[in-house]
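File shown here: structure_30.cif, holding mmCIF, C-alpha atoms.
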data_coords
loop_
_atom_site.label_atom_id
_atom_site.label_comp_id
_atom_site.auth_asym_id
_atom_site.auth_seq_id
_atom_site.Cartn_x
_atom_site.Cartn_y
_atom_site.Cartn_z
CA ARG A 1 103.81 -137.49 23.73
CA ASP A 2 100.98 -134.96 23.58
CA GLY A 3 101.47 -134.57 19.85
CA SER A 4 102.66 -130.98 20.01
CA GLY A 5 105.59 -129.81 17.91
CA CYS A 6 108.87 -128.37 19.04
CA ALA A 7 111.75 -126.39 17.60
CA VAL A 8 114.99 -128.29 16.97
CA GLN A 9 118.37 -126.59 16.57
CA LEU A 10 121.43 -128.46 15.23
CA THR A 11 124.84 -126.86 15.78
CA VAL A 12 128.07 -128.19 14.22
CA PHE A 13 131.47 -127.53 15.90
CA ARG A 14 134.80 -128.21 14.12
CA PRO A 15 137.58 -128.27 16.77
CA GLY A 16 140.34 -128.27 14.13
CA GLU A 17 141.77 -130.01 11.09
CA GLY A 18 141.89 -133.79 11.27
CA ARG A 19 139.52 -133.90 14.20
CA GLU A 20 135.98 -135.21 14.11
CA ALA A 21 133.10 -132.77 13.99
CA LEU A 22 130.93 -132.37 17.06
CA PHE A 23 127.16 -132.03 16.85
CA LEU A 24 124.90 -130.33 19.40
CA CYS A 25 121.21 -130.92 19.11
CA SER A 26 118.73 -128.95 21.25
CA ALA A 27 114.94 -128.94 21.31
CA LYS A 28 112.65 -126.26 22.75
CA LYS A 29 108.89 -126.25 23.12
CA PRO A 30 107.51 -123.05 21.65
CA GLU A 31 106.01 -120.55 24.07
CA GLU A 32 102.43 -119.46 23.72
CA GLU A 33 102.05 -116.80 21.10
CA LYS A 34 101.98 -113.30 22.60
CA PRO A 35 100.33 -110.27 21.05
CA PRO A 36 102.81 -107.95 19.34
CA ARG A 37 104.22 -105.30 21.65
CA ASP A 38 102.75 -101.85 21.12
CA THR A 39 105.68 -99.72 20.04
CA GLY A 40 103.66 -96.53 20.12
CA GLN A 41 103.97 -96.12 16.35
CA LYS A 42 100.21 -95.89 15.82
CA VAL A 43 99.95 -93.21 18.46
CA ALA A 44 102.79 -91.26 16.84
CA LEU A 45 100.93 -91.23 13.53
CA ARG A 46 97.74 -89.75 15.00
CA ASP A 47 97.52 -86.40 16.83
CA PRO A 48 95.63 -86.90 20.13
CA VAL A 49 94.11 -83.37 20.21
CA THR A 50 92.75 -82.97 16.69
CA GLY A 51 92.57 -86.58 15.56
CA LEU A 52 94.51 -85.65 12.43
CA SER A 53 97.52 -87.49 11.12
CA THR A 54 100.91 -86.30 12.26
CA ARG A 55 104.07 -85.10 10.56
CA ALA A 56 105.51 -88.63 10.76
CA PHE A 57 102.55 -89.98 8.79
CA PHE A 58 103.01 -87.24 6.19
CA PHE A 59 106.58 -88.28 5.43
CA GLU A 60 105.51 -91.92 5.10
CA GLU A 61 102.85 -90.97 2.54
CA LEU A 62 105.18 -88.58 0.74
CA GLN A 63 107.51 -91.48 -0.12
CA GLN A 64 104.71 -92.89 -2.29
CA MET A 65 103.22 -89.63 -3.58
CA ASP A 66 106.48 -87.97 -4.57
CA SER A 67 106.33 -89.59 -8.00
CA GLU A 68 105.39 -88.53 -11.50
CA ARG A 69 101.93 -90.09 -11.49
CA TYR A 70 100.80 -87.74 -8.65
CA LEU A 71 102.01 -84.56 -10.36
CA PRO A 72 101.24 -81.74 -10.03
CA LEU A 73 101.65 -82.23 -6.29
CA SER A 74 100.55 -79.16 -4.32
CA VAL A 75 101.00 -78.37 -0.67
CA ILE A 76 99.19 -75.88 1.58
CA ARG A 77 100.64 -74.78 4.91
CA GLY A 78 98.57 -72.93 7.49
CA ASP A 79 99.38 -71.37 10.87
CA LEU A 80 96.71 -70.25 13.34
CA ASN A 81 96.99 -66.57 14.25
CA GLY A 82 97.07 -65.39 17.86
CA MET A 83 97.38 -68.87 19.38
CA LYS A 84 99.90 -67.78 22.03
CA LEU A 85 97.66 -64.88 23.06
CA ILE A 86 94.58 -67.11 23.24
CA ASN A 87 96.42 -69.62 25.44
CA SER A 88 97.59 -66.79 27.71
CA VAL A 89 94.12 -65.29 28.14
CA PHE A 90 91.69 -68.18 27.98
CA GLY A 91 93.94 -71.11 28.86
CA HIS A 92 95.06 -74.21 26.98
CA ILE A 93 91.57 -75.75 27.06
CA ALA A 94 90.33 -72.92 24.84
CA GLY A 95 93.48 -73.31 22.75
CA ASP A 96 92.71 -76.99 22.22
CA LYS A 97 89.15 -76.12 21.19
CA LEU A 98 90.60 -73.74 18.61
CA LEU A 99 92.84 -76.51 17.27
CA LYS A 100 89.87 -78.90 17.02
CA ALA A 101 87.72 -76.28 15.28
CA ALA A 102 90.53 -75.63 12.80
CA ALA A 103 90.84 -79.36 12.12
CA ARG A 104 87.09 -79.59 11.41
CA VAL A 105 87.25 -76.72 8.90
CA LEU A 106 90.27 -78.18 7.14
CA ARG A 107 88.70 -81.65 6.97
CA LYS A 108 85.55 -80.21 5.43
CA HIS A 109 87.53 -78.58 2.65
CA SER A 110 89.87 -81.46 1.84
CA ARG A 111 89.27 -84.45 -0.44
CA ASN A 112 89.61 -88.12 0.38
CA SER A 113 92.78 -88.26 -1.69
CA ASP A 114 94.39 -85.38 0.21
CA ILE A 115 96.71 -85.83 3.18
CA LEU A 116 95.80 -83.51 6.08
CA VAL A 117 98.17 -83.37 9.06
CA ARG A 118 98.82 -81.33 12.16
CA TRP A 119 102.34 -80.31 11.29
CA GLU A 120 103.45 -78.94 14.68
CA GLY A 121 102.03 -76.69 17.39
CA ASP A 122 99.43 -74.47 15.75
CA GLU A 123 100.47 -75.31 12.19
CA PHE A 124 98.71 -77.59 9.69
CA LEU A 125 99.66 -79.02 6.30
CA LEU A 126 97.55 -80.25 3.40
CA LEU A 127 99.10 -82.38 0.64
CA LEU A 128 97.07 -82.36 -2.59
CA PRO A 129 97.97 -84.93 -5.29
CA ARG A 130 97.18 -84.13 -8.93
CA THR A 131 96.33 -80.53 -8.02
CA LYS A 132 97.51 -77.45 -9.89
CA GLU A 133 98.82 -74.46 -7.95
CA ASP A 134 95.88 -72.32 -9.10
CA ASP A 135 93.47 -74.89 -7.70
CA ALA A 136 95.39 -74.88 -4.43
CA ALA A 137 94.94 -71.10 -4.29
CA THR A 138 91.18 -71.53 -4.69
CA ILE A 139 91.11 -74.06 -1.85
CA VAL A 140 93.01 -71.61 0.36
CA GLU A 141 90.41 -68.90 -0.30
CA ARG A 142 87.57 -71.27 0.63
CA ILE A 143 89.29 -72.29 3.85
CA GLU A 144 90.02 -68.70 4.86
CA ASP A 145 86.37 -67.74 4.26
CA ALA A 146 85.21 -70.70 6.34
CA PHE A 147 87.43 -69.62 9.24
CA LYS A 148 85.81 -66.17 9.23
CA LYS A 149 82.40 -67.80 9.71
CA THR A 150 83.57 -70.11 12.51
CA LYS A 151 82.64 -69.30 16.10
CA ILE A 152 84.14 -70.63 19.31
CA ARG A 153 82.20 -69.78 22.45
CA GLU A 154 85.26 -69.28 24.66
CA ILE A 155 86.96 -66.89 22.21
CA PRO A 156 85.34 -63.51 21.38
CA VAL A 157 86.69 -63.22 17.83
CA PRO A 158 86.52 -65.66 14.89
CA PRO A 159 89.64 -67.81 14.44
CA SER A 160 92.09 -66.83 11.74
CA ILE A 161 94.69 -68.79 9.81
CA SER A 162 97.52 -67.59 7.58
CA MET A 163 98.04 -69.91 4.61
CA GLY A 164 100.69 -70.34 1.95
CA TYR A 165 100.93 -72.77 -0.92
CA SER A 166 103.24 -74.11 -3.62
CA ALA A 167 103.35 -76.99 -6.11
CA LYS A 168 105.73 -79.54 -7.54
CA VAL A 169 105.16 -79.62 -11.29
CA HIS A 170 108.24 -81.44 -12.61
CA ARG A 171 109.68 -84.76 -11.51
CA TRP A 172 113.15 -83.26 -11.05
CA GLN A 173 111.94 -80.70 -8.46
CA ASP A 174 112.99 -81.27 -4.84
CA PHE A 175 109.83 -81.44 -2.73
CA GLY A 176 111.77 -80.05 0.22
CA ASN A 177 112.07 -76.78 -1.68
CA VAL A 178 108.33 -76.86 -2.42
CA LEU A 179 107.61 -77.17 1.29
CA LYS A 180 109.96 -74.27 1.99
CA ASP A 181 108.27 -72.08 -0.64
CA ALA A 182 104.86 -72.77 0.89
CA GLU A 183 106.19 -71.89 4.35
CA GLU A 184 107.72 -68.62 3.13
CA ASP A 185 104.42 -67.69 1.47
CA MET A 186 102.60 -68.46 4.74
CA ARG A 187 105.02 -66.44 6.89
CA GLU A 188 104.77 -63.44 4.60
CA LYS A 189 100.97 -63.38 4.90
CA GLN A 190 101.18 -63.97 8.64
CA LEU A 191 103.14 -60.77 9.22
CA SER A 192 100.03 -58.70 8.58
CA GLU A 193 97.20 -61.14 9.31
CA SER A 194 98.46 -62.29 12.70
CA ARG A 195 98.90 -58.72 13.89
CA LYS A 196 95.34 -57.87 12.84
CA ILE A 197 93.77 -60.76 14.75
CA ARG A 198 95.88 -60.11 17.87
CA THR A 199 95.03 -56.39 17.84
CA LYS A 200 91.36 -57.22 17.35
CA LEU A 201 91.44 -59.71 20.22
CA LEU A 202 93.18 -57.19 22.48
CA SER A 203 90.51 -54.56 21.72
CA SER A 204 87.79 -57.13 22.40
CA LEU A 205 89.32 -57.96 25.79
CA GLN A 206 89.52 -54.29 26.72
CA LYS A 207 85.90 -53.77 25.70
CA SER A 208 84.85 -56.74 27.82
CA LEU A 209 86.61 -55.29 30.86
CA ASP A 210 84.87 -51.96 30.29
CA GLU A 211 81.46 -53.65 30.13
CA HIS A 212 81.75 -56.13 32.97
CA THR A 213 84.27 -54.76 35.47
CA PRO A 214 85.24 -51.52 37.25
CA GLU A 215 88.00 -51.09 34.63
CA THR A 216 85.94 -48.41 32.90
CA GLU A 217 87.05 -46.11 30.14
CA GLU A 218 86.77 -43.22 32.61
CA HIS A 219 89.13 -44.94 35.05
CA ILE A 220 91.72 -45.52 32.33
CA SER A 221 91.31 -41.94 31.09
CA SER A 222 91.91 -40.54 34.57
CA MET A 223 94.96 -42.73 35.08
CA ARG A 224 96.40 -41.64 31.76
CA ARG A 225 96.01 -38.00 32.80
CA ILE A 226 97.79 -38.60 36.12
CA ALA A 227 100.55 -40.55 34.38
CA ARG A 228 101.05 -37.77 31.82
CA ILE A 229 101.48 -35.17 34.57
CA MET A 230 103.95 -37.40 36.41
CA SER A 231 105.83 -37.82 33.13
CA ASP A 232 106.16 -34.05 32.87
CA LEU A 233 107.32 -33.67 36.47
CA LEU A 234 109.88 -36.46 36.07
CA GLN A 235 110.95 -35.20 32.62
CA LEU A 236 110.62 -38.65 31.08
CA SER A 237 111.86 -39.21 27.55
CA PRO A 238 109.35 -39.40 24.66
CA GLU A 239 109.88 -43.19 24.52
CA GLU A 240 109.21 -43.57 28.24
CA ARG A 241 106.07 -41.41 28.01
CA GLU A 242 104.71 -43.50 25.18
CA LEU A 243 105.51 -46.74 26.97
CA LEU A 244 103.88 -45.49 30.19
CA ASP A 245 100.71 -44.47 28.38
CA LEU A 246 100.51 -47.88 26.70
CA ALA A 247 101.05 -49.71 29.99
CA VAL A 248 98.35 -47.62 31.69
CA ARG A 249 95.83 -48.50 28.99
CA PHE A 250 96.44 -52.22 29.37
CA HIS A 251 97.66 -52.48 32.98
CA ASP A 252 94.73 -54.69 34.08
CA ILE A 253 94.19 -56.55 30.79
CA GLY A 254 95.01 -59.78 32.66
CA LYS A 255 91.65 -59.48 34.44
CA ALA A 256 90.07 -60.64 31.18
CA SER A 257 91.12 -64.17 32.21
CA ILE A 258 89.39 -63.89 35.61
CA PRO A 259 85.71 -64.95 35.93
CA VAL A 260 83.45 -61.89 35.85
CA TYR A 261 81.57 -62.95 39.00
CA LEU A 262 84.85 -62.89 40.94
CA LEU A 263 85.88 -59.47 39.64
CA ASN A 264 82.55 -58.04 40.83
CA LYS A 265 82.24 -60.09 44.01
CA ILE A 266 81.10 -57.94 46.94
CA ALA A 267 81.01 -60.64 49.63
CA PRO A 268 84.27 -61.35 51.48
CA ILE A 269 86.67 -63.13 49.16
CA THR A 270 88.43 -66.35 50.13
CA ASP A 271 92.17 -66.97 50.06
CA GLU A 272 91.62 -68.99 46.89
CA ASP A 273 89.73 -66.07 45.33
CA ARG A 274 92.56 -63.75 46.27
CA GLU A 275 95.17 -65.96 44.63
CA THR A 276 93.07 -66.13 41.47
CA LEU A 277 92.71 -62.36 41.38
CA ARG A 278 96.42 -61.84 41.93
CA ARG A 279 97.26 -63.89 38.86
CA HIS A 280 95.98 -61.08 36.63
CA ALA A 281 99.28 -59.16 36.85
CA GLU A 282 101.34 -62.10 35.60
CA ILE A 283 98.76 -63.01 32.96
CA GLY A 284 98.57 -59.37 31.87
CA GLY A 285 102.30 -59.42 31.22
CA LYS A 286 101.93 -62.57 29.12
CA ILE A 287 99.09 -61.03 27.13
CA ALA A 288 101.16 -57.94 26.44
CA GLU A 289 104.10 -60.08 25.33
CA ALA A 290 101.94 -62.08 22.93
CA ALA A 291 99.76 -59.29 21.52
CA THR A 292 101.96 -56.97 19.43
CA SER A 293 105.58 -55.89 19.27
CA GLU A 294 104.52 -52.56 20.81
CA THR A 295 102.63 -54.02 23.77
CA ALA A 296 105.44 -56.52 24.35
CA LYS A 297 107.64 -53.63 25.47
CA SER A 298 105.11 -52.79 28.20
CA ALA A 299 104.96 -56.36 29.55
CA PRO A 300 107.50 -55.89 32.41
CA VAL A 301 105.70 -52.69 33.48
CA ILE A 302 102.29 -54.35 33.48
CA ARG A 303 103.58 -57.42 35.29
CA ALA A 304 105.04 -55.32 38.13
CA HIS A 305 102.31 -52.72 38.72
CA HIS A 306 101.12 -54.51 41.89
CA GLU A 307 104.57 -54.84 43.42
CA ARG A 308 105.06 -52.88 46.66
CA TRP A 309 107.98 -50.71 47.73
CA ASP A 310 108.54 -52.91 50.81
CA GLY A 311 108.65 -56.13 48.77
CA THR A 312 105.32 -57.58 49.91
CA GLY A 313 103.55 -57.14 46.57
CA TYR A 314 102.97 -59.58 43.74
CA PRO A 315 103.68 -61.49 41.55
CA SER A 316 107.46 -61.47 42.18
CA GLY A 317 107.83 -59.74 45.55
CA ILE A 318 110.50 -57.34 44.29
CA ALA A 319 111.11 -54.13 46.22
CA GLY A 320 112.30 -50.54 45.97
CA GLU A 321 114.24 -49.49 42.90
CA ASP A 322 114.02 -53.04 41.53
CA ILE A 323 110.41 -52.25 40.62
CA PRO A 324 110.28 -50.53 37.21
CA LEU A 325 109.79 -46.76 37.57
CA LEU A 326 106.79 -46.80 35.24
CA SER A 327 105.15 -49.53 37.34
CA ARG A 328 105.60 -47.37 40.45
CA ILE A 329 103.90 -44.47 38.69
CA ILE A 330 100.98 -46.68 37.62
CA SER A 331 100.59 -47.96 41.19
CA ILE A 332 100.06 -44.43 42.50
CA ALA A 333 97.80 -43.34 39.62
CA ASP A 334 95.66 -46.46 39.99
CA ALA A 335 95.31 -46.18 43.75
CA PHE A 336 94.49 -42.46 43.72
CA ASP A 337 91.80 -42.80 41.07
CA VAL A 338 90.21 -45.88 42.66
CA MET A 339 90.06 -44.17 46.06
CA THR A 340 88.48 -41.00 44.70
CA ARG A 341 86.17 -42.86 42.33
CA GLY A 342 85.03 -45.58 44.73
CA THR A 343 84.25 -49.23 44.09
CA ALA A 344 81.31 -51.60 44.52
CA TYR A 345 82.54 -52.49 48.00
CA LYS A 346 84.12 -49.21 49.14
CA ASP A 347 82.79 -45.64 49.00
CA ALA A 348 84.78 -42.89 47.34
CA VAL A 349 86.87 -40.56 49.50
CA SER A 350 87.85 -36.94 48.92
CA PRO A 351 91.07 -36.13 47.04
CA GLU A 352 92.55 -34.83 50.29
CA GLU A 353 91.81 -38.13 52.06
CA ALA A 354 93.23 -40.09 49.14
CA LEU A 355 96.42 -38.03 49.27
CA GLU A 356 96.73 -38.66 53.01
CA GLU A 357 96.44 -42.41 52.33
CA LEU A 358 99.20 -42.22 49.71
CA GLU A 359 101.43 -40.42 52.19
CA ARG A 360 100.62 -42.93 54.92
CA LEU A 361 101.67 -45.81 52.66
CA ALA A 362 104.77 -44.08 51.27
CA GLY A 363 107.76 -46.35 51.85
CA LEU A 364 105.43 -49.32 52.34
CA GLN A 365 103.28 -49.67 49.23
CA PHE A 366 104.44 -46.67 47.21
CA ASP A 367 107.73 -45.09 46.17
CA PRO A 368 108.20 -42.30 48.79
CA ARG A 369 109.92 -40.00 46.31
CA LEU A 370 107.04 -40.25 43.85
CA VAL A 371 104.47 -39.70 46.62
CA ASP A 372 106.34 -36.54 47.71
CA LEU A 373 106.31 -35.32 44.12
CA PHE A 374 102.62 -36.08 43.82
CA ALA A 375 101.82 -34.24 47.05
CA GLU A 376 103.97 -31.24 46.10
CA HIS A 377 102.01 -30.77 42.88
CA ALA A 378 98.65 -32.06 44.11
CA GLU A 379 96.70 -29.23 42.48
CA LYS A 380 97.78 -30.44 39.03
CA PHE A 381 96.07 -33.80 39.60
CA LEU A 382 92.72 -32.36 40.68
CA THR A 383 91.71 -30.72 37.39
CA ASP A 384 89.15 -32.08 34.94
CA GLU A 385 91.62 -32.04 32.09
CA SER A 386 91.38 -35.16 29.95
CA PRO A 387 94.17 -36.93 28.02
CA GLU A 388 92.71 -35.62 24.79
CA THR A 389 93.56 -32.02 25.77
CA LEU A 390 97.10 -32.88 26.75
CA PRO A 391 100.01 -32.84 24.27
CA GLU A 392 99.73 -35.47 21.55
CA ARG A 393 101.57 -38.74 22.04
CA ARG A 394 104.62 -39.24 19.88
CA LYS A 395 103.71 -41.17 16.73
#
Can the structure from this file be put into structure tokens for me?
Amino acid sequence: RDGSGCAVQLTVFRPGEGREALFLCSAKKPEEEKPPRDTGQKVALRDPVTGLSTRAFFFEELQQMDSERYLPLSVIRGDLNGMKLINSVFGHIAGDKLLKAAARVLRKHSRNSDILVRWEGDEFLLLLPRTKEDDAATIVERIEDAFKKTKIREIPVPPSISMGYSAKVHRWQDFGNVLKDAEEDMREKQLSESRKIRTKLLSSLQKSLDEHTPETEEHISSMRRIARIMSDLLQLSPEERELLDLAVRFHDIGKASIPVYLLNKIAPITDEDRETLRRHAEIGGKIAEAATSETAKSAPVIRAHHERWDGTGYPSGIAGEDIPLLSRIISIADAFDVMTRGTAYKDAVSPEEALEELERLAGLQFDPRLVDLFAEHAEKFLTDESPETLPERRK
């Protein structure tokens, strides 16, 4: 009656041969048109952190571009170096800023016809239609140079990216193999480049600690000397000596993730401050794991150097022999040097007083056997001998 239309459906039933057909007619007023349901497909095609297209979008475009009229079809793959280490030290917010900065550099050096995507994690991909492999190599050089000039306030070293490239020249080539060749080229370059950036970042963190915290070069040098003497007394193997020396050098590297004002705070610290400070042991272990294959071996030692013999330490609350031997050595070396050197909030004490404190805390904070060994050979620890005059570390 209101003049609106409706949908009519006619259904025919045939009960059997020789019987009349039955007809069913039904009418339904159409519902109001609803907006199409968001399936999330648009979101999946756009990376929320960098704003770049995603891997899914790449494969959609490749279906069109993998044809003869786009040949030669080149591809560049790039992987950010040191991303895991940066996330460990500066947090995922800084990591996201690195990803965004990388996206800006890559956008600047890509053409409108190129397909730029965040491939996965810290990896990017650039698809270049009608581009020779030599031209792709030139683009890679420009991008790498641009990265060297990029600065991110939260990260003390310029970002670095390892890049590989390849090209499909003939129609019969499988583009999957081209992608694989570009990845292999990228991984090969990353073996050396990633190590360089991680080593450089580690040195920068250590320098920052030396400049802004009590973790001075002199403190580390003194601890190394004590640790070397303990190594001799315990007759540690060459591998254990080397690992101990490495762990001493980086035992408090996790403090690089703690605000400087808190590290140097003289006023009484709050429970929240204390929890933040305590995180440095766990973070230090993560940094060691992510830095180099050598420092990764020292990660368990660094992580446990604030554990106590009675199990009340941190971060895991392990006790006694469950604490790595090298961590127990570091705990004594650190405490003895800090007590005799003094801090911003506590005056230095004499070596004799420091030794008495070690003995008082034996069986509570420190391994009693190691404290006895330290006390028995106390005169060896009171010389001015530096690590440089001790036997050379094994190469």
Contact check, segment 256-308 of chain A to segment 351-374 of chain A, at most 12 Å, counting only C-alpha atoms, closest pairs as a Markdown table:
| residue | atom | partner | partner_atom | distance |
| --- | --- | --- | --- | --- |
| A:His305 | CA | A:Phe366 | CA | 10.6 |
| A:His306 | CA | A:Gln365 | CA | 9.1 |
| A:Glu307 | CA | A:Gln365 | CA | 7.9 |
| A:Arg308 | CA | A:Gln365 | CA | 4.5 |
Contacts of Arg228 of chain A at 9 Å or less, counting only C-alpha atoms, minus same-chain residues fewer than 2 places along, as a list in words? Met223, Arg224, Arg225, Ile226, Met230, Ser231, Asp232, Leu233, Arg241, Leu244, Asp245, Pro387 and Leu390 of chain A
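Shortest separation to Phe59 of chain A among A:Leu127, A:Val248, A:Val157, A:Val89 occurs at residue A:Leu127, atoms counted being all atoms listed in the file.
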Name every residue that the PyMOL selection byres ((chain A and resi 287-294) around 9) selects in this structure, writing the answer as a PyMOL selection string with chains first and numbers rising. chain A and resi 82-86+88-89+195+198-199+201-202+243+246-247+250+253-254+282-286+295-300+302
Please evaluate the PyMOL selection byres ((chain A and resi 181) around 10) against the structure above and give the resulting residues as an MDAnalysis selection string. chainID A and resid 75 77 164:167 175:180 182:187
On this file, the PyMOL selection byres ((chain A and resi 153) around 12) gives some set of residues; write that set as a list in words. Phe90, Ala94, Gly95, Lys97, Leu98, Ala101, Thr150, Lys151, Ile152, Glu154, Ile155, Pro156, Val157, Pro158 and Pro159 of chain A
Computed gap from atom CA of Arg104 of chain A to atom CA of Leu52 of chain A is 9.6 Å
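With all atoms listed in the file as the atoms that count, the residue of A:Glu141, A:Phe336, A:Thr54, A:Lys189 with the shortest distance to Ser350 of chain A is A:Phe336.
For the pair atom CA of Ala319 of chain A and atom CA of Ala304 of chain A, the separation is 10.2 Å.
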Show me, as a PDB file with C-alpha atoms, in the coordinates of the input, the residues that have an atom within 9 Å of Leu277 of chain A when counting all atoms listed in the file, minus same-chain residues fewer than 2 positions from it.
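Okay, selection_13.pdb is ready:
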ATOM      1  CA  LYS A 255      91.650 -59.480  34.440  1.00  0.00           C
ATOM      2  CA  ILE A 258      89.390 -63.890  35.610  1.00  0.00           C
ATOM      3  CA  LEU A 262      84.850 -62.890  40.940  1.00  0.00           C
ATOM      4  CA  LEU A 263      85.880 -59.470  39.640  1.00  0.00           C
ATOM      5  CA  GLU A 272      91.620 -68.990  46.890  1.00  0.00           C
ATOM      6  CA  ASP A 273      89.730 -66.070  45.330  1.00  0.00           C
ATOM      7  CA  ARG A 274      92.560 -63.750  46.270  1.00  0.00           C
ATOM      8  CA  GLU A 275      95.170 -65.960  44.630  1.00  0.00           C
ATOM      9  CA  ARG A 279      97.260 -63.890  38.860  1.00  0.00           C
ATOM     10  CA  HIS A 280      95.980 -61.080  36.630  1.00  0.00           C
ATOM     11  CA  ALA A 281      99.280 -59.160  36.850  1.00  0.00           C
TER      12      ALA A 281
END
Measuring atom to atom with only C-alpha atoms, identify which of A:Ile139, A:Tyr345, A:Thr50, A:Leu73 is nearest to Pro268 of chain A. A:Tyr345
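Taking atom CA of Asp334 of chain A and atom CA of Arg303 of chain A as the two end points, the separation is 14.3 Å.
Distances to Leu62 of chain A were evaluated for A:Glu321, A:Gly342, A:Ser74, A:Ala102 using all atoms listed in the file, and the minimum falls at A:Ser74.
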Hey, can I get the axis-aligned box for segment 343-349 of chain A? All listed atoms, 5 Å padding on each side, centre and edge lengths in Å to one decimal, as lines of an AutoDock Vina configuration file.
center_x = 84.1
center_y = -46.5
center_z = 46.8
size_x = 15.6
size_y = 21.9
size_z = 15.4
With all atoms listed in the file as the basis for distance, which of A:Ser192, A:Thr312, A:Ser162, A:Thr343 is at the shortest distance from Asn264 of chain A? A:Thr343
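Nearest to Ala333 of chain A of all the residues A:Trp119, A:Trp172, A:Phe381, A:Tyr261 is A:Phe381, based on all atoms listed in the file.
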